[in-house]
$ cat entry.tsv   # TSV, C-alpha atoms and all ligand atoms
chain	number	residue	atom	x	y	z
A	251	MET	CA	-17.31	35.04	-61.58
A	252	ARG	CA	-18.59	38.49	-60.60
A	253	VAL	CA	-15.03	39.74	-60.40
A	254	LEU	CA	-14.16	38.29	-63.80
A	255	GLU	CA	-17.31	39.86	-65.26
A	256	ALA	CA	-16.33	43.24	-63.84
A	257	ILE	CA	-12.88	42.93	-65.40
A	258	ALA	CA	-14.42	42.00	-68.73
A	259	GLU	CA	-16.59	45.15	-68.56
A	260	MET	CA	-13.56	47.29	-67.88
A	261	SER	CA	-11.07	45.89	-70.36
A	262	SER	CA	-10.43	44.09	-73.62
A	263	PHE	CA	-10.70	40.77	-71.84
A	264	SER	CA	-13.82	38.83	-72.69
A	265	PHE	CA	-14.90	35.34	-71.82
A	266	GLU	CA	-17.61	32.79	-72.04
A	267	ALA	CA	-18.04	30.44	-69.10
A	268	THR	CA	-19.28	26.86	-69.08
A	269	ASN	CA	-20.22	25.50	-65.68
A	270	TYR	CA	-19.51	21.90	-64.78
A	271	ASP	CA	-21.42	20.30	-61.97
A	272	ILE	CA	-18.48	18.43	-60.45
A	273	GLY	CA	-18.02	17.81	-56.75
A	274	SER	CA	-19.41	16.24	-53.63
A	275	GLU	CA	-23.09	17.08	-54.14
A	276	ARG	CA	-23.10	15.28	-57.46
A	277	TYR	CA	-21.07	12.41	-56.08
A	278	LEU	CA	-23.49	11.98	-53.20
A	279	ARG	CA	-26.42	12.19	-55.59
A	280	ASP	CA	-25.35	9.66	-58.21
A	281	GLY	CA	-21.89	8.34	-57.32
A	282	THR	CA	-20.18	9.87	-60.35
A	283	LEU	CA	-17.10	12.12	-60.39
A	284	VAL	CA	-15.98	13.33	-63.84
A	285	SER	CA	-17.20	11.61	-66.99
A	286	GLU	CA	-15.10	10.95	-70.10
A	287	GLU	CA	-17.24	13.48	-72.03
A	288	GLU	CA	-16.53	16.09	-69.38
A	289	PHE	CA	-12.79	15.42	-69.48
A	290	ASP	CA	-12.88	15.77	-73.26
A	291	SER	CA	-14.88	18.94	-73.13
A	292	LEU	CA	-12.74	20.48	-70.35
A	293	GLU	CA	-9.62	19.70	-72.34
A	294	LYS	CA	-10.86	21.97	-75.14
A	295	MET	CA	-11.29	24.99	-72.86
A	296	ASP	CA	-8.79	27.85	-72.72
A	297	ALA	CA	-8.58	27.55	-68.94
A	298	ILE	CA	-10.29	25.90	-65.99
A	299	TYR	CA	-11.31	27.92	-62.94
A	300	PHE	CA	-11.67	25.41	-60.15
A	301	GLY	CA	-13.45	25.95	-56.83
A	302	ALA	CA	-12.33	24.31	-53.60
A	303	ILE	CA	-12.93	20.61	-53.05
A	304	GLY	CA	-13.54	18.37	-50.01
A	305	ASP	CA	-16.59	17.29	-48.04
A	306	PRO	CA	-16.68	15.49	-44.67
A	307	ARG	CA	-19.56	13.34	-45.96
A	308	VAL	CA	-17.26	11.74	-48.53
A	309	LYS	CA	-14.43	9.43	-47.54
A	310	PRO	CA	-11.03	11.20	-47.84
A	311	GLY	CA	-9.33	10.47	-51.14
A	312	ILE	CA	-12.37	9.94	-53.33
A	313	LEU	CA	-12.92	13.52	-54.47
A	314	GLU	CA	-9.24	14.40	-54.20
A	315	LYS	CA	-8.10	11.54	-56.41
A	316	GLY	CA	-11.21	11.27	-58.58
A	317	VAL	CA	-11.48	14.95	-59.43
A	318	LEU	CA	-8.52	17.17	-58.61
A	319	LEU	CA	-5.61	14.76	-59.04
A	320	ALA	CA	-7.35	13.15	-62.00
A	321	MET	CA	-7.51	16.50	-63.79
A	322	ARG	CA	-3.91	17.39	-62.99
A	323	ALA	CA	-2.73	14.04	-64.37
A	324	ARG	CA	-5.15	13.81	-67.28
A	325	PHE	CA	-4.39	17.33	-68.53
A	326	ASP	CA	-0.70	16.83	-67.76
A	327	GLN	CA	-0.59	20.03	-65.70
A	328	TYR	CA	2.91	19.24	-64.56
A	329	ILE	CA	3.69	22.53	-62.91
A	330	ASN	CA	1.81	23.82	-59.92
A	331	LEU	CA	2.75	27.47	-59.60
A	332	ARG	CA	2.13	28.75	-56.08
A	333	PRO	CA	3.29	32.27	-55.32
A	334	VAL	CA	4.01	32.79	-51.65
A	335	LYS	CA	4.32	36.43	-50.84
A	336	SER	CA	4.02	38.67	-47.88
A	337	TRP	CA	0.61	40.36	-47.65
A	338	HIS	CA	1.96	42.61	-44.92
A	339	PRO	CA	0.51	43.52	-42.39
A	340	TYR	CA	-1.60	40.34	-42.52
A	341	VAL	CA	1.41	38.19	-41.64
A	342	PRO	CA	1.96	36.16	-38.49
A	343	LEU	CA	5.73	36.63	-38.21
A	344	LYS	CA	6.97	39.10	-35.61
A	345	GLN	CA	9.76	40.25	-37.84
A	346	HIS	CA	8.61	41.67	-41.15
A	347	PHE	CA	10.28	40.34	-44.25
A	348	ASP	CA	9.24	41.42	-47.69
A	349	PHE	CA	9.29	38.10	-49.50
A	350	ASN	CA	7.99	36.64	-52.73
A	351	ILE	CA	8.74	32.97	-53.21
A	352	HIS	CA	7.73	31.49	-56.54
A	353	PHE	CA	7.01	27.88	-55.70
A	354	LEU	CA	6.99	25.49	-58.64
A	355	ARG	CA	5.52	22.29	-57.32
A	356	GLU	CA	5.85	19.29	-59.63
A	357	ASN	CA	2.30	18.16	-60.04
A	358	THR	CA	2.10	14.72	-61.64
A	359	GLU	CA	4.65	12.38	-60.04
A	360	ASP	CA	6.45	11.61	-56.75
A	361	PHE	CA	4.34	10.13	-53.97
A	362	TYR	CA	1.23	11.41	-55.74
A	363	ILE	CA	1.76	9.09	-58.68
A	364	GLY	CA	-0.87	6.67	-57.44
A	365	ALA	CA	1.33	3.59	-56.98
A	366	GLY	CA	-0.06	2.29	-53.73
A	367	GLY	CA	-1.76	-0.72	-52.31
A	368	LYS	CA	-1.67	-3.48	-49.74
A	369	LEU	CA	0.21	-6.71	-49.46
A	370	VAL	CA	-1.76	-9.15	-47.35
A	371	PRO	CA	-1.08	-12.86	-46.72
A	372	GLU	CA	-3.73	-13.99	-49.29
A	373	GLU	CA	-2.43	-11.62	-51.95
A	374	MET	CA	1.27	-10.89	-51.68
A	375	LYS	CA	1.36	-9.20	-55.05
A	376	HIS	CA	0.09	-6.08	-56.70
A	377	LYS	CA	-0.18	-4.92	-60.29
A	378	MET	CA	-0.66	-1.34	-61.35
A	379	THR	CA	-0.50	0.81	-64.45
A	380	ILE	CA	0.55	4.41	-64.34
A	381	LYS	CA	-0.51	6.47	-67.31
A	382	ARG	CA	0.85	9.89	-68.00
A	383	GLY	CA	1.02	11.92	-71.20
A	384	MET	CA	4.70	11.02	-71.56
A	385	TYR	CA	4.66	7.34	-70.64
A	386	THR	CA	2.78	4.29	-69.48
A	387	LEU	CA	4.43	2.30	-66.73
A	388	ASP	CA	3.28	-1.21	-65.84
A	389	LEU	CA	4.43	-2.17	-62.39
A	390	LYS	CA	4.30	-5.52	-60.67
A	391	LEU	CA	5.17	-5.93	-57.06
A	392	LYS	CA	5.59	-9.31	-55.42
A	393	GLY	CA	6.37	-9.94	-51.80
A	394	LYS	CA	7.14	-12.78	-49.45
A	395	ALA	CA	6.71	-12.53	-45.72
A	396	ASP	CA	5.53	-14.38	-42.65
A	397	PRO	CA	1.83	-15.20	-43.01
A	398	GLU	CA	0.86	-12.98	-40.08
A	399	ASP	CA	2.44	-9.88	-41.64
A	400	GLU	CA	0.58	-7.30	-43.73
A	401	PHE	CA	1.90	-4.22	-45.49
A	402	GLY	CA	0.68	-1.04	-47.09
A	403	PHE	CA	2.81	0.82	-49.57
A	404	GLU	CA	2.87	4.04	-51.53
A	405	ILE	CA	5.73	4.30	-53.98
A	406	GLY	CA	7.29	7.62	-54.91
A	407	ILE	CA	8.24	7.62	-58.56
A	408	LEU	CA	9.99	10.23	-60.69
A	409	SER	CA	10.65	9.65	-64.38
A	410	LYS	CA	13.64	11.00	-66.24
A	411	LYS	CA	11.33	12.73	-68.72
A	412	GLY	CA	9.25	14.17	-65.88
A	413	ILE	CA	12.30	15.57	-64.10
A	414	GLU	CA	13.71	16.99	-67.31
A	415	ARG	CA	10.60	18.94	-68.19
A	416	PHE	CA	10.25	20.12	-64.60
A	417	ALA	CA	13.88	21.32	-64.59
A	418	ASP	CA	13.47	22.98	-68.01
A	419	TYR	CA	10.38	24.81	-66.83
A	420	SER	CA	12.06	25.87	-63.57
A	421	PHE	CA	15.17	27.33	-65.18
A	422	LYS	CA	13.15	29.07	-67.87
A	423	TYR	CA	10.82	30.44	-65.22
A	424	ALA	CA	13.77	31.76	-63.21
A	425	ALA	CA	15.27	33.39	-66.31
A	426	ASP	CA	11.93	34.94	-67.36
A	427	ASN	CA	11.46	36.39	-63.89
A	428	GLY	CA	14.99	37.74	-63.51
A	429	HIS	CA	15.99	35.27	-60.81
A	430	ASP	CA	19.61	34.13	-60.82
A	431	LYS	CA	19.08	30.79	-59.13
A	432	VAL	CA	16.67	27.91	-58.63
A	433	THR	CA	16.38	26.30	-55.21
A	434	LEU	CA	15.59	22.60	-55.46
A	435	VAL	CA	13.97	21.15	-52.34
A	436	ASP	CA	14.12	17.42	-51.61
A	437	LYS	CA	15.09	14.77	-49.13
A	438	ALA	CA	18.01	13.40	-51.11
A	439	ASN	CA	19.79	12.33	-47.95
A	440	VAL	CA	17.10	9.69	-47.33
A	441	CYS	CA	15.12	9.08	-50.52
A	442	THR	CA	18.39	8.87	-52.40
A	443	SER	CA	17.12	7.11	-55.52
A	444	ILE	CA	14.44	9.48	-56.72
A	445	TYR	CA	15.84	12.73	-55.39
A	446	GLY	CA	19.45	11.81	-56.22
A	447	MET	CA	18.38	11.36	-59.84
A	448	GLN	CA	16.50	14.64	-59.70
A	449	ARG	CA	19.56	16.49	-58.37
A	450	GLU	CA	21.75	15.16	-61.20
A	451	ILE	CA	19.32	16.31	-63.88
A	452	PHE	CA	18.79	19.72	-62.31
A	453	GLN	CA	22.56	20.12	-62.02
A	454	GLU	CA	23.01	19.39	-65.73
A	455	LYS	CA	20.33	21.93	-66.64
A	456	SER	CA	21.89	24.50	-64.34
A	457	ASP	CA	25.26	23.97	-66.04
A	458	ASP	CA	23.60	24.28	-69.46
A	459	THR	CA	21.69	27.46	-68.68
A	460	GLY	CA	24.22	29.18	-66.43
A	461	ILE	CA	21.47	29.79	-63.86
A	462	GLY	CA	22.50	28.91	-60.32
A	463	LEU	CA	21.17	25.95	-58.36
A	464	ASP	CA	20.89	25.55	-54.60
A	465	PHE	CA	19.86	22.34	-52.91
A	466	MET	CA	17.79	22.37	-49.73
A	467	TYR	CA	16.51	19.46	-47.69
A	468	VAL	CA	12.82	19.88	-47.02
A	469	ASP	CA	13.17	19.94	-43.22
A	470	ALA	CA	15.79	22.68	-43.44
A	471	MET	CA	13.60	24.49	-45.97
A	472	ALA	CA	10.63	24.54	-43.59
A	473	MET	CA	12.87	26.19	-41.02
A	474	ALA	CA	14.46	28.60	-43.49
A	475	MET	CA	11.04	29.77	-44.67
A	476	LEU	CA	10.37	31.03	-41.16
A	477	VAL	CA	13.68	32.80	-40.60
A	478	ARG	CA	14.75	33.95	-44.06
A	479	PRO	CA	11.84	33.74	-46.52
A	480	HIS	CA	13.22	36.75	-48.39
A	481	THR	CA	16.25	34.76	-49.59
A	482	PHE	CA	14.23	32.53	-51.94
A	483	ASP	CA	12.89	33.29	-55.40
A	484	THR	CA	12.26	30.36	-57.77
A	485	VAL	CA	11.83	27.22	-55.68
A	486	ALA	CA	11.33	23.85	-57.38
A	487	VAL	CA	9.82	21.21	-55.15
A	488	PRO	CA	8.51	17.69	-55.68
A	489	ASN	CA	4.83	17.06	-55.33
A	490	LEU	CA	4.37	15.91	-51.72
A	491	PHE	CA	6.82	18.32	-50.10
A	492	GLY	CA	5.38	21.03	-52.30
A	493	ASP	CA	1.92	20.37	-50.94
A	494	ILE	CA	3.16	20.84	-47.39
A	495	LEU	CA	5.53	23.76	-47.93
A	496	THR	CA	2.97	25.80	-49.83
A	497	ASP	CA	0.45	25.51	-47.00
A	498	LEU	CA	3.17	26.73	-44.68
A	499	GLY	CA	3.93	29.45	-47.21
A	500	ALA	CA	0.30	30.49	-47.50
A	501	GLN	CA	0.15	30.97	-43.71
A	502	LEU	CA	3.42	32.87	-43.70
A	503	GLY	CA	2.11	35.19	-46.37
A	504	GLY	CA	-1.14	36.03	-44.63
A	505	GLY	CA	-3.23	32.91	-44.14
A	506	LEU	CA	-4.58	29.98	-46.10
A	507	GLY	CA	-7.31	32.27	-47.39
A	508	MET	CA	-4.69	34.16	-49.40
A	509	GLY	CA	-2.91	31.41	-51.34
A	510	ALA	CA	-3.70	30.79	-55.00
A	511	SER	CA	-2.33	28.27	-57.41
A	512	GLY	CA	-2.11	27.46	-61.10
A	513	ASN	CA	-1.89	23.90	-62.39
A	514	ILE	CA	-0.04	24.55	-65.58
A	515	ASN	CA	0.40	22.64	-68.77
A	516	PRO	CA	2.35	25.08	-70.94
A	517	ALA	CA	1.06	23.34	-74.08
A	518	GLY	CA	-2.45	22.44	-72.96
A	519	VAL	CA	-5.25	23.49	-70.67
A	520	SER	CA	-4.28	24.93	-67.27
A	521	MET	CA	-6.41	25.04	-64.15
A	522	PHE	CA	-6.51	27.76	-61.50
A	523	GLU	CA	-7.69	27.32	-57.94
A	524	PRO	CA	-7.22	28.49	-54.37
A	525	ILE	CA	-4.71	26.45	-52.32
A	526	HIS	CA	-7.24	25.97	-49.56
A	527	GLY	CA	-9.96	23.34	-49.41
A	528	SER	CA	-13.69	23.81	-49.07
A	529	ALA	CA	-13.56	24.79	-45.35
A	530	PRO	CA	-16.60	22.66	-44.43
A	531	ASP	CA	-16.50	23.97	-40.84
A	532	ILE	CA	-17.61	27.41	-42.02
A	533	ALA	CA	-19.66	26.38	-45.07
A	534	GLY	CA	-22.68	28.56	-45.76
A	535	GLN	CA	-21.78	31.12	-43.08
A	536	GLY	CA	-20.39	33.74	-45.45
A	537	LYS	CA	-17.08	33.76	-43.59
A	538	ALA	CA	-14.86	32.29	-46.28
A	539	ASN	CA	-12.13	34.62	-47.49
A	540	PRO	CA	-12.54	34.90	-51.29
A	541	PHE	CA	-9.11	36.44	-51.74
A	542	ALA	CA	-7.33	33.22	-52.80
A	543	THR	CA	-9.99	32.56	-55.42
A	544	PHE	CA	-9.55	36.12	-56.75
A	545	MET	CA	-5.79	35.67	-56.85
A	546	ALA	CA	-6.35	32.43	-58.78
A	547	ALA	CA	-8.31	34.54	-61.30
A	548	LYS	CA	-5.36	36.91	-61.51
A	549	MET	CA	-3.04	33.99	-62.28
A	550	MET	CA	-5.49	32.76	-64.91
A	551	LEU	CA	-5.58	36.19	-66.57
A	552	ASP	CA	-1.76	36.30	-66.60
A	553	GLN	CA	-1.54	32.83	-68.11
A	554	LEU	CA	-4.11	33.69	-70.78
A	555	GLY	CA	-1.92	36.59	-71.85
A	556	HIS	CA	-3.99	39.28	-70.10
A	557	LYS	CA	-1.22	40.48	-67.82
A	558	GLU	CA	-2.58	44.01	-67.73
A	559	GLU	CA	-5.97	42.83	-66.47
A	560	GLY	CA	-4.23	40.49	-64.01
A	561	ASP	CA	-2.22	43.39	-62.61
A	562	MET	CA	-5.36	45.50	-62.45
A	563	LEU	CA	-7.05	42.86	-60.33
A	564	GLU	CA	-4.07	42.49	-58.02
A	565	LYS	CA	-3.91	46.24	-57.54
A	566	VAL	CA	-7.55	46.31	-56.52
A	567	LEU	CA	-7.07	43.38	-54.16
A	568	VAL	CA	-4.15	45.13	-52.45
A	569	LYS	CA	-6.27	48.27	-52.16
A	570	SER	CA	-9.15	46.29	-50.63
A	571	LEU	CA	-6.75	44.85	-48.06
A	572	ASP	CA	-5.33	48.31	-47.32
A	573	ASP	CA	-8.88	49.57	-46.83
A	574	GLY	CA	-9.57	46.73	-44.39
A	575	ALA	CA	-12.32	45.36	-46.64
A	576	THR	CA	-11.79	41.80	-45.52
A	577	THR	CA	-13.46	38.77	-43.96
A	578	PRO	CA	-13.09	38.17	-40.20
A	579	ASP	CA	-10.04	35.87	-40.59
A	580	LEU	CA	-8.10	39.00	-41.57
A	581	GLY	CA	-9.73	41.13	-38.90
A	582	GLY	CA	-12.37	42.68	-41.15
A	583	ALA	CA	-16.12	42.81	-40.65
A	584	LEU	CA	-17.36	41.90	-44.13
A	585	ASN	CA	-18.79	38.61	-45.30
A	586	THR	CA	-17.68	36.82	-48.46
A	587	SER	CA	-20.25	38.45	-50.65
A	588	ARG	CA	-19.58	41.97	-49.31
A	589	VAL	CA	-15.85	41.58	-49.93
A	590	THR	CA	-16.73	40.61	-53.50
A	591	ASP	CA	-19.00	43.68	-53.81
A	592	TYR	CA	-16.14	45.85	-52.59
A	593	VAL	CA	-13.65	44.41	-55.08
A	594	VAL	CA	-16.14	44.74	-57.95
A	595	GLU	CA	-16.84	48.35	-56.97
A	596	GLN	CA	-13.13	49.14	-56.86
A	597	LEU	CA	-12.67	47.61	-60.29
A	598	ARG	CA	-15.46	49.76	-61.68
A	599	CYS	CA	-13.79	52.86	-60.14
A	600	LEU	CA	-10.54	52.30	-62.02
B	1	LIG	C1	-3.65	20.99	-52.77
B	1	LIG	C2	-4.54	20.02	-52.07
B	1	LIG	C3	-4.59	18.72	-52.86
B	1	LIG	C4	-3.18	18.19	-52.94
B	1	LIG	C5	-5.56	17.68	-52.34
B	1	LIG	C6	-6.96	18.21	-52.18
B	1	LIG	C7	-5.55	16.44	-53.19
B	1	LIG	O1	-4.12	19.82	-50.76
B	1	LIG	O2	-3.98	21.37	-53.90
B	1	LIG	O3	-2.64	21.39	-52.21
B	1	LIG	O4	-2.74	17.48	-52.02
B	1	LIG	O5	-2.49	18.47	-53.91
B	2	MN	MN	-2.45	21.07	-50.17

$ encode --input "entry.tsv" --output "structure tokens"
Amino acid sequence: MRVLEAIAEMSSFSFEATNYDIGSERYLRDGTLVSEEEFDSLEKMDAIYFGAIGDPRVKPGILEKGVLLAMRARFDQYINLRPVKSWHPYVPLKQHFDFNIHFLRENTEDFYIGAGGKLVPEEMKHKMTIKRGMYTLDLKLKGKADPEDEFGFEIGILSKKGIERFADYSFKYAADNGHDKVTLVDKANVCTSIYGMQREIFQEKSDDTGIGLDFMYVDAMAMAMLVRPHTFDTVAVPNLFGDILTDLGAQLGGGLGMGASGNINPAGVSMFEPIHGSAPDIAGQGKANPFATFMAAKMMLDQLGHKEEGDMLEKVLVKSLDDGATTPDLGGALNTSRVTDYVVEQLRCL
């Protein structure tokens, strides 16, 4: 917030912030996550600036599904834009590549759709309803097996409408950014149904737009990111693989503390956040690298149409890195708050 305030002082950008008390402390206090009134009120905002989530005191999945994934689905933020670029010299690779991969992670479907459960001898059936802005899908699953057998399942689902809008966004994004191809990552050699369908639709859109399309299997992609990250520009990736590849990407670029992300609904409210979680192991020690959160602010400024202010912030962040004004994970000697002071000071010097 201090960085955003400094930008507002220096430019035509102005904002009014409303704070929402959402997260583990509240959950531990009263067992609630996000109320209907809060969803409604958040939906009316111009943008949501989201801090990191996760707390070892809360069972995995509760905050993730009840807060973060709920917002992405509820606000139909179907694109998760995750730039992966080289913050040289803060990169782990021996060979230096100057890369800038624009990851577009589909953000509402795939194995994140929430179609999971158990089939146990007493209850060999499961009913679920999946609600998205575009559709409501009622699913019934019925099984038959030996009485001693039990199963857990998590179904990956892609809808035709979901793929189409993802493909449209990807090709438009590539065109807007001067990229001549989209790389689609999947595992179409194994999960043939969902990713085969996705390939067909992307191919049609590529033919329509004249923008190239490359297919990559996710395992090969993980490898290629290490040896030739500079050969990728717009990369479209389904939700689960996108989660994994963008953590890999964040490390390649300079560490998890550097990766930011925008959950984008081009026609609604978008939400900006660091890729990393809440780093409970270093909580309260002042060691957390605030860079990813600042880069998330840059993405938010860009999305709100304040590209100039976004660029200004990025310039200052690059300068702070060049000056070695960093937290210890990047070899610096400053704590989180001092890094923020430094960035704010640099902004005021512009
Ligand atoms: C991310 C996170 C989330 C995800 C978790 C916290 C649900 O890892 O934003 O990448 O898996 O999408
Ligand atoms: Mn993740």

$ residues_near_ligand --input "entry.tsv" --ligand "ligand MN 2 (chain B)" --cutoff "12 Å" --atoms "only C-alpha atoms and all ligand atoms" --output "ChimeraX atom specification"
/A:302-304,314,318-319,330,332,355,357,362,489-500,506,509-511,523-528

$ closest_atom_pairs --input "entry.tsv" --of "region 454-500 of chain A" --to "region 404-418 of chain A" --cutoff "12 Å" --atoms "all atoms listed in the file" --output "tab-separated table"
residue	atom	partner	partner_atom	distance
A:Glu454	CA	A:Ala417	CA	9.4
A:Lys455	CA	A:Ala417	CA	6.8
A:Ser456	CA	A:Ala417	CA	8.6
A:Asp457	CA	A:Ala417	CA	11.8
A:Asp458	CA	A:Asp418	CA	10.3
A:Thr459	CA	A:Asp418	CA	9.4
A:Ile461	CA	A:Asp418	CA	11.3
A:Leu463	CA	A:Ala417	CA	10.6
A:Thr484	CA	A:Ala417	CA	11.4
A:Val485	CA	A:Ala417	CA	10.9
A:Ala486	CA	A:Ala417	CA	8.1
A:Val487	CA	A:Phe416	CA	9.5
A:Pro488	CA	A:Leu408	CA	9.1
A:Asn489	CA	A:Gly406	CA	9.8
A:Leu490	CA	A:Gly406	CA	9.4
A:Phe491	CA	A:Gly406	CA	11.7

$ atom_distance --input "entry.tsv" --atom1 "CA of Val566 (chain A)" --atom2 "CA of Ser261 (chain A)"
14.3 Å

$ closest_residue --input "entry.tsv" --among "A:Ala438, A:Met521, A:Val308, A:Leu476" --to "Met295 (chain A)" --atoms "only C-alpha atoms"
A:Met521

$ closest_residue --input "entry.tsv" --among "A:Asp396, A:Asp430, A:Asp348, A:Glu287" --to "Gly462 (chain A)" --atoms "all atoms listed in the file"
A:Asp430

$ closest_residue --input "entry.tsv" --among "A:Met374, A:Val477, A:Val519, A:Ala529" --to "ligand LIG 1 (chain B)" --atoms "all atoms listed in the file"
A:Ala529

$ atom_distance --input "entry.tsv" --atom1 "CA of Ala533 (chain A)" --atom2 "CA of Lys335 (chain A)"
26.6 Å

$ atom_distance --input "entry.tsv" --atom1 "CA of Ala425 (chain A)" --atom2 "CA of Gln327 (chain A)"
20.7 Å

$ closest_residue --input "entry.tsv" --among "A:Lys381, A:Ile363, A:Leu354, A:Gly505" --to "Arg324 (chain A)" --atoms "all atoms listed in the file"
A:Lys381

$ closest_residue --input "entry.tsv" --among "A:Ala542, A:Leu292, A:Ala575, A:Leu551" --to "Val334 (chain A)" --atoms "all atoms listed in the file"
A:Ala542

$ closest_residue --input "entry.tsv" --among "A:Asn513, A:Asn439, A:Ser336, A:Asn269" --to "ligand LIG 1 (chain B)" --atoms "all atoms listed in the file"
A:Asn513

$ residues_around --input "entry.tsv" --residues "Phe541 (chain A)" --least-positions-apart "3" --cutoff "12 Å" --atoms "all atoms listed in the file" --output "ChimeraX atom specification"
/A:253,337,500,504-510,523-526,537-538,544-548,563-564,566-568,570-571,575-577,579-580,585-587,589-590,592-593

$ residues_around --input "entry.tsv" --residues "Lys437 (chain A)" --least-positions-apart "3" --cutoff "9 Å" --atoms "all atoms listed in the file" --output "short mmCIF file (atom, residue, chain, number, x, y, z; two decimals) with C-alpha atoms, keeping the file's coordinate frame"
data_model
loop_
_atom_site.label_atom_id
_atom_site.label_comp_id
_atom_site.auth_asym_id
_atom_site.auth_seq_id
_atom_site.Cartn_x
_atom_site.Cartn_y
_atom_site.Cartn_z
CA VAL A 440 17.10 9.69 -47.33
CA CYS A 441 15.12 9.08 -50.52
CA THR A 442 18.39 8.87 -52.40
CA TYR A 445 15.84 12.73 -55.39
CA GLY A 446 19.45 11.81 -56.22
CA MET A 466 17.79 22.37 -49.73
CA TYR A 467 16.51 19.46 -47.69
CA VAL A 468 12.82 19.88 -47.02
CA ASP A 469 13.17 19.94 -43.22
#

$ residues_around --input "entry.tsv" --residues "Gly367 (chain A)" --least-positions-apart "2" --cutoff "7 Å" --atoms "all atoms listed in the file" --output "VMD selection string"
chain A and resid 369 402 to 404

$ residues_around --input "entry.tsv" --residues "region 275-285 of chain A" --least-positions-apart "2" --cutoff "9 Å" --atoms "all atoms listed in the file" --output "MDAnalysis selection string"
chainID A and resid 271:273 287:290 305 307:308 312:313 316:317 320

$ build_atoms --input "entry.tsv" --residues "region 295-306 of chain A" --atoms "N, CA and C atoms" --output "PDB file, in the frame of the given file"
ATOM      1  N   MET A 295     -11.122  23.618 -73.375  1.00  0.00           N
ATOM      2  CA  MET A 295     -11.290  24.990 -72.860  1.00  0.00           C
ATOM      3  C   MET A 295      -9.953  25.733 -72.875  1.00  0.00           C
ATOM      4  N   ASP A 296     -10.020  27.066 -72.795  1.00  0.00           N
ATOM      5  CA  ASP A 296      -8.790  27.850 -72.720  1.00  0.00           C
ATOM      6  C   ASP A 296      -8.196  27.785 -71.313  1.00  0.00           C
ATOM      7  N   ALA A 297      -9.059  27.631 -70.323  1.00  0.00           N
ATOM      8  CA  ALA A 297      -8.580  27.550 -68.940  1.00  0.00           C
ATOM      9  C   ALA A 297      -9.700  26.977 -68.079  1.00  0.00           C
ATOM     10  N   ILE A 298      -9.311  26.436 -66.939  1.00  0.00           N
ATOM     11  CA  ILE A 298     -10.290  25.900 -65.990  1.00  0.00           C
ATOM     12  C   ILE A 298     -10.153  26.677 -64.684  1.00  0.00           C
ATOM     13  N   TYR A 299     -11.290  27.171 -64.205  1.00  0.00           N
ATOM     14  CA  TYR A 299     -11.310  27.920 -62.940  1.00  0.00           C
ATOM     15  C   TYR A 299     -11.995  27.000 -61.946  1.00  0.00           C
ATOM     16  N   PHE A 300     -11.225  26.524 -60.987  1.00  0.00           N
ATOM     17  CA  PHE A 300     -11.670  25.410 -60.150  1.00  0.00           C
ATOM     18  C   PHE A 300     -11.961  25.899 -58.723  1.00  0.00           C
ATOM     19  N   GLY A 301     -13.131  25.586 -58.211  1.00  0.00           N
ATOM     20  CA  GLY A 301     -13.450  25.950 -56.830  1.00  0.00           C
ATOM     21  C   GLY A 301     -12.785  24.987 -55.864  1.00  0.00           C
ATOM     22  N   ALA A 302     -12.983  25.173 -54.586  1.00  0.00           N
ATOM     23  CA  ALA A 302     -12.330  24.310 -53.600  1.00  0.00           C
ATOM     24  C   ALA A 302     -13.060  22.970 -53.505  1.00  0.00           C
ATOM     25  N   ILE A 303     -12.330  21.944 -53.119  1.00  0.00           N
ATOM     26  CA  ILE A 303     -12.930  20.610 -53.050  1.00  0.00           C
ATOM     27  C   ILE A 303     -12.744  20.000 -51.652  1.00  0.00           C
ATOM     28  N   GLY A 304     -13.633  19.060 -51.304  1.00  0.00           N
ATOM     29  CA  GLY A 304     -13.540  18.370 -50.010  1.00  0.00           C
ATOM     30  C   GLY A 304     -14.890  18.442 -49.305  1.00  0.00           C
ATOM     31  N   ASP A 305     -15.308  17.338 -48.715  1.00  0.00           N
ATOM     32  CA  ASP A 305     -16.590  17.290 -48.040  1.00  0.00           C
ATOM     33  C   ASP A 305     -16.521  16.189 -46.986  1.00  0.00           C
ATOM     34  N   PRO A 306     -16.807  16.510 -45.727  1.00  0.00           N
ATOM     35  CA  PRO A 306     -16.680  15.490 -44.670  1.00  0.00           C
ATOM     36  C   PRO A 306     -17.623  14.309 -44.873  1.00  0.00           C
TER      37      PRO A 306
END
